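Before any comments, here is the structure.
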Amino acid sequence: MATEIQTAAAAHMDTTSTRRDFLRLAGAGLLTWTPVHRVLAGDPAAPCSPPLGFPGSIPVFLQAFKNWSEEIVLDAVWTAVPKTPEEVVSIVNWAAAAGYRIRARGSGHSWLPILVDPGTTCDMKVILLDTRAHLTSMSIDTTVSPPTVTAQCGILMQTLLEELEKAGLGMMATPAPGVLTLGGVLAIAGHGTAVPAVGEQVLPGHTFGSLANLMVSMTVVAWNPATSRYELRRISRADSEASSLCPHLGRSFVVEATLRVGANVRLRCQSFTDIPNSELFAPAFSSGRTFASFLDASGRAEAIVFPFTDESWLKVWTVAPEKPRESKEVGDPYNYPFSDNLDPTIASILGTVISGSGFLTPALGQAQFTAIKAGLFLGNSSDLWGWSKDLMLYIQPTTLRVTSSGFVVLCRRADVQRVVSEYYAQLITLRDAYRGRWDFPINSAIEVRVNGVEHPEDCGVFGARSPRLSALRPVPGRPEWDTGVWLNVLTIPGTSKSNDYFRDLERWMFQNYTGDYAQMRVEWTKGWAYTAAGPWTDETLIHETIPECLSTGQAADDGFRAAIEQLDALDPFRIFSTAFLDRFLPPVQKIGLDGPPRKGGGGIQSIQPAGKHGGTGGLFTAPRAKVKLQPATPGPQVVETSGDLKSWTPMSTNAPGPVEVTVDTSAERRFYRLVPLK
Ligand SMILES: Cc1cc2nc3c(=O)[nH]c(=O)nc-3n(C[C@H](O)[C@H](O)[C@H](O)COP(=O)(O)OP(=O)(O)OC[C@H]3O[C@@H](n4cnc5c(N)ncnc54)[C@H](O)[C@@H]3O)c2cc1C
């Protein structure tokens, strides 16, 4: 039965084309990948023993998994397809008893490994619950004003927007792909591009912030200490837990969400390809066709710059109730097929670039931009008009498979031009410095978009909570920082020196966008905390800088650590977590420190047991420290740290009580935990 399940999204993801085959083979070296396609538990062909006692009526099977960028490729991971929220609850309670972890699976479009860890195998206690097949119902309530939509979280954004459109409703700005699930988008506070044009007010039911800011309530699977069970729990936006749930970065399981929605609008989307970058990204307060000038006029814009080109592809959306005479009316989304399907000439240059001829990157950039201009001309798609969803959904899963760094700069609206102008200048500086060394790390686009910060009142719930983990959360005392500028750089995964480039760019950004001028945050779903080893490897950024960005100015009990504690209270056994999430959002109560970490700490810290999933974890603040760790289970253990570990003793223990471990690393601050040796 399970083998027959094929959702629309899965069909999209499995779609093959010459271009994608080419990229998969050329870019990722996956010619030998032999994935498992749905082997049911109990099948003699299954390479691992099945999850014992899995709730009887729900099929569980082994399935291959690839995230969209194909940077996480798993041969076989346990997967189930729950039909109802109650089935999710029963699986989660089984998992809590059996020591398994449960991952809500959407369309797999995240770059950040928060769905499933790279390297996960079927002998690990991890089960993906694919939400896209059955958890897709929705209903619209127009008896309230503004209306609301209540949807299960496996619904695709395109379906949600189509149904809203039929009811005359819509959203201000949405992520560009329609194939994303609502659950996936809410998990990371997905966004489009929109700030108020000069004189524009937010309309009832809409927000200039992220989609998560529309949350009115959510039904999540949460631990109930009174019954000692995981149960469905509805959390209103005014409840304290809401501050940590929109977004939650994958540390929860949301079965359903109610969002505020507003009247649908018609949009005009104009594409410009003739504005010199020197004009579009001119210094602040320059005259002419600057990025800020388009925001003033229309509020909605996206600039895409290809490598080594002098102009950008600028898209500008304007609210236009009547069709402008010059515009072409469209009735469907995805109106730029030329950007979703790679031109064969470009594919051939790309293949050469990937296989070592990086010096062809300037030609590749020119070819990409030429193809866009030709596509806009031939498709007569430079000036489109239609319902909002048809203009806001414009990326298909077949678009060029790239990896992306992602940051957002919070600033005054009046400083947006300064932000983009300094950014563009730095990109040119870096590009030329790398080219001088004959390195060409960036072979795809640079993208610039904007949003307003999250105003909780937009959701129309009295006492609505501010989202602690949203990159668009306003900074207290800084009401003038009302805008977030999203800055992304894209390149083919594995391009030589790209991690060095991203590291250099990120360090510059954290130094530049600071003080009274601006504040940096990261775009969760994309790459950040770079070292030459890749994204999410800079421990200082991961454990200090980035959490601080979300805590600065907030009350002591209302920052990053508070969010972790609250998510842990909803899921004390960390059923909804991954190794990456344990590292990035380590259990606060298990650190054994009150208040912020003490520099030069060391000494012996007493740590409490961590529960079912691994031993104790914590933080030490000296290069060499003695810590007491409590094994969660007897048997050989190993210390895992977030960075280099020079030594530790003892190497293994069967002792039931705490073990004293000496950890010695090359850095000042490291997170550690004791886990059973596999
Ligand atoms: C080509 C491309 C274009 C993109 N464009 C945009 C854009 O324009 N704007 C933007 O904001 N983002 C964009 N993204 C990023 C995307 O919005 C996020 O990665 C999003 O999380 C993906 O949704 P998904 O359904 O694929 O979720 P998945 O990748 O399957 O999961 C992502 C996370 O969400 C969690 N999750 C999923 N469902 C649930 C649930 N029901 N309950 C709890 N947790 C859940 C997963 O466990 C995981 O931690 C883009 C990504 C790609 C690849």
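We label chains A, B, ... in the order they appear in the structure tokens, count residues from 1 in each chain, and number ligands from 1 in the order shown.
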Surroundings of ligand 1 up to 7 Å, based on only C-alpha atoms and all ligand atoms, as number ranges by chain = A: 67-69, 103-111, 114-115, 131, 153-154, 174-177, 180-185, 187-192, 249-255, 395, 397, 399, 525
For stretch 117-119 of chain A, find every residue with an atom within 9 Å (counting only C-alpha atoms), except residues of its own chain fewer than 2 positions away, and show them as a tab-separated table (two decimals) with C-alpha atoms, in the first residue's frame.
```tsv
chain	number	residue	atom	x	y	z
A	71	GLU	CA	23.91	17.99	-0.47
A	72	ILE	CA	22.19	15.52	1.88
A	73	VAL	CA	21.79	12.14	0.19
A	74	LEU	CA	20.62	9.19	2.27
A	113	PRO	CA	20.39	20.17	7.96
A	114	ILE	CA	17.42	20.56	10.29
A	115	LEU	CA	15.24	17.89	8.71
A	121	THR	CA	21.36	5.43	8.07
A	578	THR	CA	18.69	16.13	15.13
A	579	ALA	CA	22.39	16.05	15.97
A	580	PHE	CA	22.73	19.43	14.29
```
Show which residues sit within 12 Å of A:Gly56, as a VMD selection string. Count only C-alpha atoms, and ignore same-chain residues fewer than 2 positions away.
-> chain A and resid 41 51 to 54 58 to 60 80 82 87 90 to 91 94
Given the selection you just returned, output its residues as a file containing N, CA and C atoms, formatted as a PDB file, in the first residue's frame.
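Final output, saved to result.pdb:
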```pdb
ATOM      1  N   ALA A  41       9.062  -2.385   6.008  1.00  0.00           N
ATOM      2  CA  ALA A  41       9.617  -3.070   7.170  1.00  0.00           C
ATOM      3  C   ALA A  41       9.197  -4.533   7.090  1.00  0.00           C
ATOM      4  N   PRO A  51      11.828  -0.967  12.919  1.00  0.00           N
ATOM      5  CA  PRO A  51      11.581  -0.370  14.238  1.00  0.00           C
ATOM      6  C   PRO A  51      10.588  -1.249  15.005  1.00  0.00           C
ATOM      7  N   LEU A  52      11.067  -1.856  16.077  1.00  0.00           N
ATOM      8  CA  LEU A  52      10.245  -2.830  16.806  1.00  0.00           C
ATOM      9  C   LEU A  52       9.045  -2.165  17.462  1.00  0.00           C
ATOM     10  N   GLY A  53       7.888  -2.756  17.256  1.00  0.00           N
ATOM     11  CA  GLY A  53       6.689  -2.275  17.942  1.00  0.00           C
ATOM     12  C   GLY A  53       6.092  -1.023  17.336  1.00  0.00           C
ATOM     13  N   PHE A  54       6.541  -0.652  16.120  1.00  0.00           N
ATOM     14  CA  PHE A  54       5.984   0.546  15.474  1.00  0.00           C
ATOM     15  C   PHE A  54       4.464   0.395  15.389  1.00  0.00           C
ATOM     16  N   ILE A  58       0.150   1.513  10.827  1.00  0.00           N
ATOM     17  CA  ILE A  58       0.788   2.556  10.008  1.00  0.00           C
ATOM     18  C   ILE A  58       1.998   1.954   9.285  1.00  0.00           C
ATOM     19  N   PRO A  59       1.976   1.967   7.943  1.00  0.00           N
ATOM     20  CA  PRO A  59       3.127   1.393   7.232  1.00  0.00           C
ATOM     21  C   PRO A  59       4.393   2.199   7.509  1.00  0.00           C
ATOM     22  N   VAL A  60       5.477   1.483   7.738  1.00  0.00           N
ATOM     23  CA  VAL A  60       6.779   2.152   7.874  1.00  0.00           C
ATOM     24  C   VAL A  60       7.720   1.449   6.905  1.00  0.00           C
ATOM     25  N   ALA A  80       7.532   7.066   7.401  1.00  0.00           N
ATOM     26  CA  ALA A  80       6.125   6.668   7.510  1.00  0.00           C
ATOM     27  C   ALA A  80       5.273   7.823   7.014  1.00  0.00           C
ATOM     28  N   PRO A  82       1.844   9.297   8.012  1.00  0.00           N
ATOM     29  CA  PRO A  82       0.656   9.295   8.874  1.00  0.00           C
ATOM     30  C   PRO A  82      -0.556   9.882   8.160  1.00  0.00           C
ATOM     31  N   GLU A  87      -2.537   9.735  14.400  1.00  0.00           N
ATOM     32  CA  GLU A  87      -1.485   8.759  14.071  1.00  0.00           C
ATOM     33  C   GLU A  87      -0.102   9.336  14.384  1.00  0.00           C
ATOM     34  N   SER A  90       0.425   8.924  18.039  1.00  0.00           N
ATOM     35  CA  SER A  90       0.719   7.561  18.474  1.00  0.00           C
ATOM     36  C   SER A  90       2.139   7.157  18.072  1.00  0.00           C
ATOM     37  N   ILE A  91       2.603   7.623  16.918  1.00  0.00           N
ATOM     38  CA  ILE A  91       3.994   7.333  16.531  1.00  0.00           C
ATOM     39  C   ILE A  91       4.967   8.016  17.506  1.00  0.00           C
ATOM     40  N   TRP A  94       5.154   6.197  20.769  1.00  0.00           N
ATOM     41  CA  TRP A  94       5.957   4.976  20.579  1.00  0.00           C
ATOM     42  C   TRP A  94       7.452   5.352  20.540  1.00  0.00           C
TER      43      TRP A  94
END
```
Fewer than 3 positions away in the same chain doesn't count, so skip those; otherwise give me all residues within 7 Å of stretch 279-295 of chain A, counting only C-alpha atoms, as a ChimeraX atom specification.
-> /A:197,275-276,298-301,416-418,420-421,424
A:Ala374: which residues within 12 Å, counting only C-alpha atoms, same-chain residues fewer than 2 positions away excluded, as a short mmCIF file (atom, residue, chain, number, x, y, z; two decimals) with N, CA and C atoms, in the first residue's frame?
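Done, and the output landed in selection_4.cif:
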```cif
data_model
loop_
_atom_site.label_atom_id
_atom_site.label_comp_id
_atom_site.auth_asym_id
_atom_site.auth_seq_id
_atom_site.Cartn_x
_atom_site.Cartn_y
_atom_site.Cartn_z
N THR A 273 16.18 44.83 -17.16
CA THR A 273 17.51 44.22 -17.35
C THR A 273 18.52 45.24 -17.88
N TRP A 313 18.96 41.45 -13.19
CA TRP A 313 17.55 41.17 -13.48
C TRP A 313 16.78 41.69 -12.28
N TYR A 336 8.40 32.26 -15.67
CA TYR A 336 9.76 32.44 -16.19
C TYR A 336 10.37 31.05 -16.43
N PRO A 337 9.79 30.27 -17.36
CA PRO A 337 10.27 28.89 -17.54
C PRO A 337 11.74 28.83 -17.91
N PHE A 338 12.24 29.89 -18.54
CA PHE A 338 13.65 29.90 -18.95
C PHE A 338 14.57 29.93 -17.74
N SER A 339 14.06 30.38 -16.58
CA SER A 339 14.94 30.35 -15.40
C SER A 339 14.76 29.06 -14.61
N ASP A 343 19.23 26.25 -20.15
CA ASP A 343 19.56 26.27 -21.57
C ASP A 343 20.75 25.32 -21.82
N ALA A 367 26.32 34.29 -20.12
CA ALA A 367 25.37 33.40 -20.80
C ALA A 367 24.07 33.29 -19.99
N GLN A 368 24.19 33.22 -18.67
CA GLN A 368 22.99 33.12 -17.84
C GLN A 368 22.13 34.37 -18.00
N PHE A 369 22.78 35.52 -17.98
CA PHE A 369 22.04 36.78 -18.07
C PHE A 369 21.43 36.94 -19.47
N THR A 370 22.20 36.54 -20.49
CA THR A 370 21.68 36.62 -21.86
C THR A 370 20.44 35.73 -22.01
N ALA A 371 20.49 34.55 -21.40
CA ALA A 371 19.34 33.63 -21.49
C ALA A 371 18.11 34.24 -20.81
N ILE A 372 18.31 34.94 -19.71
CA ILE A 372 17.19 35.58 -19.01
C ILE A 372 16.59 36.66 -19.92
N LEU A 376 12.82 36.56 -21.39
CA LEU A 376 11.83 37.61 -21.10
C LEU A 376 11.27 38.16 -22.40
N PHE A 377 12.16 38.33 -23.38
CA PHE A 377 11.74 38.90 -24.67
C PHE A 377 10.84 37.91 -25.43
N LEU A 378 11.33 36.67 -25.56
CA LEU A 378 10.59 35.69 -26.36
C LEU A 378 9.26 35.32 -25.72
N GLY A 379 9.25 35.29 -24.38
CA GLY A 379 8.00 34.93 -23.68
C GLY A 379 7.11 36.12 -23.43
N ASN A 380 7.55 37.28 -23.88
CA ASN A 380 6.79 38.51 -23.62
C ASN A 380 6.44 38.60 -22.14
N SER A 381 7.42 38.36 -21.29
CA SER A 381 7.12 38.26 -19.86
C SER A 381 7.81 39.34 -19.03
N SER A 382 8.19 40.44 -19.66
CA SER A 382 8.83 41.52 -18.91
C SER A 382 7.82 42.33 -18.11
#
```
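Residue nearest A:Glu70 within the list A:Leu112, A:Met171, A:Ile235, A:Ile564: A:Leu112 [criterion: smallest interatomic distance, only C-alpha atoms].
Using only C-alpha atoms, the nearest neighbour of A:Asn93 within the list A:Gly168, A:Pro493, A:Pro225, A:Pro55 is A:Pro55.
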Can you list, as a PyMOL selection string, every protein, DNA or RNA residue that comes within 8 Å of A:Val489 when you count only C-alpha atoms, leaving out same-chain residues fewer than 2 positions away?
-> chain A and resi 404-406+442+444-447+487+491
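For the choices A:Pro47, A:Pro476, A:Gly170, A:Gly436, the atom-to-atom distance to A:Leu391 is smallest for A:Gly170 when using only C-alpha atoms.
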Name the residues in contact with A:Gly386 at a cut-off of 12 Å, using only C-alpha atoms, excluding same-chain residues fewer than 4 positions from it; report them as a PDB file with C-alpha atoms, in the first residue's frame.
```
ATOM      1  CA  GLU A 165      -7.556  32.871  -4.211  1.00  0.00           C
ATOM      2  CA  ASN A 264      -6.233  39.151  -2.447  1.00  0.00           C
ATOM      3  CA  VAL A 265      -4.675  41.746  -4.711  1.00  0.00           C
ATOM      4  CA  ARG A 266      -3.690  42.005  -8.337  1.00  0.00           C
ATOM      5  CA  LEU A 267      -0.011  42.604  -8.908  1.00  0.00           C
ATOM      6  CA  ARG A 268       1.978  43.872 -11.830  1.00  0.00           C
ATOM      7  CA  CYS A 269       5.478  42.421 -12.105  1.00  0.00           C
ATOM      8  CA  GLN A 270       7.921  44.313 -14.303  1.00  0.00           C
ATOM      9  CA  TRP A 317       5.937  44.133  -8.142  1.00  0.00           C
ATOM     10  CA  THR A 318       3.324  46.895  -7.901  1.00  0.00           C
ATOM     11  CA  VAL A 319      -0.197  46.590  -6.522  1.00  0.00           C
ATOM     12  CA  ALA A 320      -2.347  47.271  -9.604  1.00  0.00           C
ATOM     13  CA  PRO A 321      -6.100  46.685  -9.323  1.00  0.00           C
ATOM     14  CA  GLU A 322      -6.549  47.397 -13.056  1.00  0.00           C
ATOM     15  CA  LYS A 323      -4.474  45.810 -15.792  1.00  0.00           C
ATOM     16  CA  PRO A 324      -1.980  48.309 -17.199  1.00  0.00           C
ATOM     17  CA  SER A 327       1.068  44.337 -19.224  1.00  0.00           C
ATOM     18  CA  LYS A 328       0.354  40.738 -20.228  1.00  0.00           C
ATOM     19  CA  GLU A 329      -2.297  39.061 -18.107  1.00  0.00           C
ATOM     20  CA  VAL A 330      -1.321  35.680 -16.603  1.00  0.00           C
ATOM     21  CA  GLY A 331      -3.577  33.120 -14.919  1.00  0.00           C
ATOM     22  CA  ASP A 332      -0.965  30.697 -13.576  1.00  0.00           C
ATOM     23  CA  PRO A 333       2.298  30.868 -11.647  1.00  0.00           C
ATOM     24  CA  ASN A 335       5.988  32.561 -15.734  1.00  0.00           C
ATOM     25  CA  ASP A 390       0.655  33.918 -10.054  1.00  0.00           C
ATOM     26  CA  LEU A 391       3.276  36.628  -9.693  1.00  0.00           C
ATOM     27  CA  MET A 392       4.728  35.565  -6.345  1.00  0.00           C
ATOM     28  CA  LEU A 393       5.316  31.891  -7.211  1.00  0.00           C
TER      29      LEU A 393
END
```
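Separating atom CA of A:Val39 from atom CA of A:Gly178 is a distance of 29.2 Å.
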Stretch 421-531 of chain A: residues DSSP assigns to strand (DSSP E), reported as a PyMOL selection string = chain A and resi 446-452+483-491+518-522
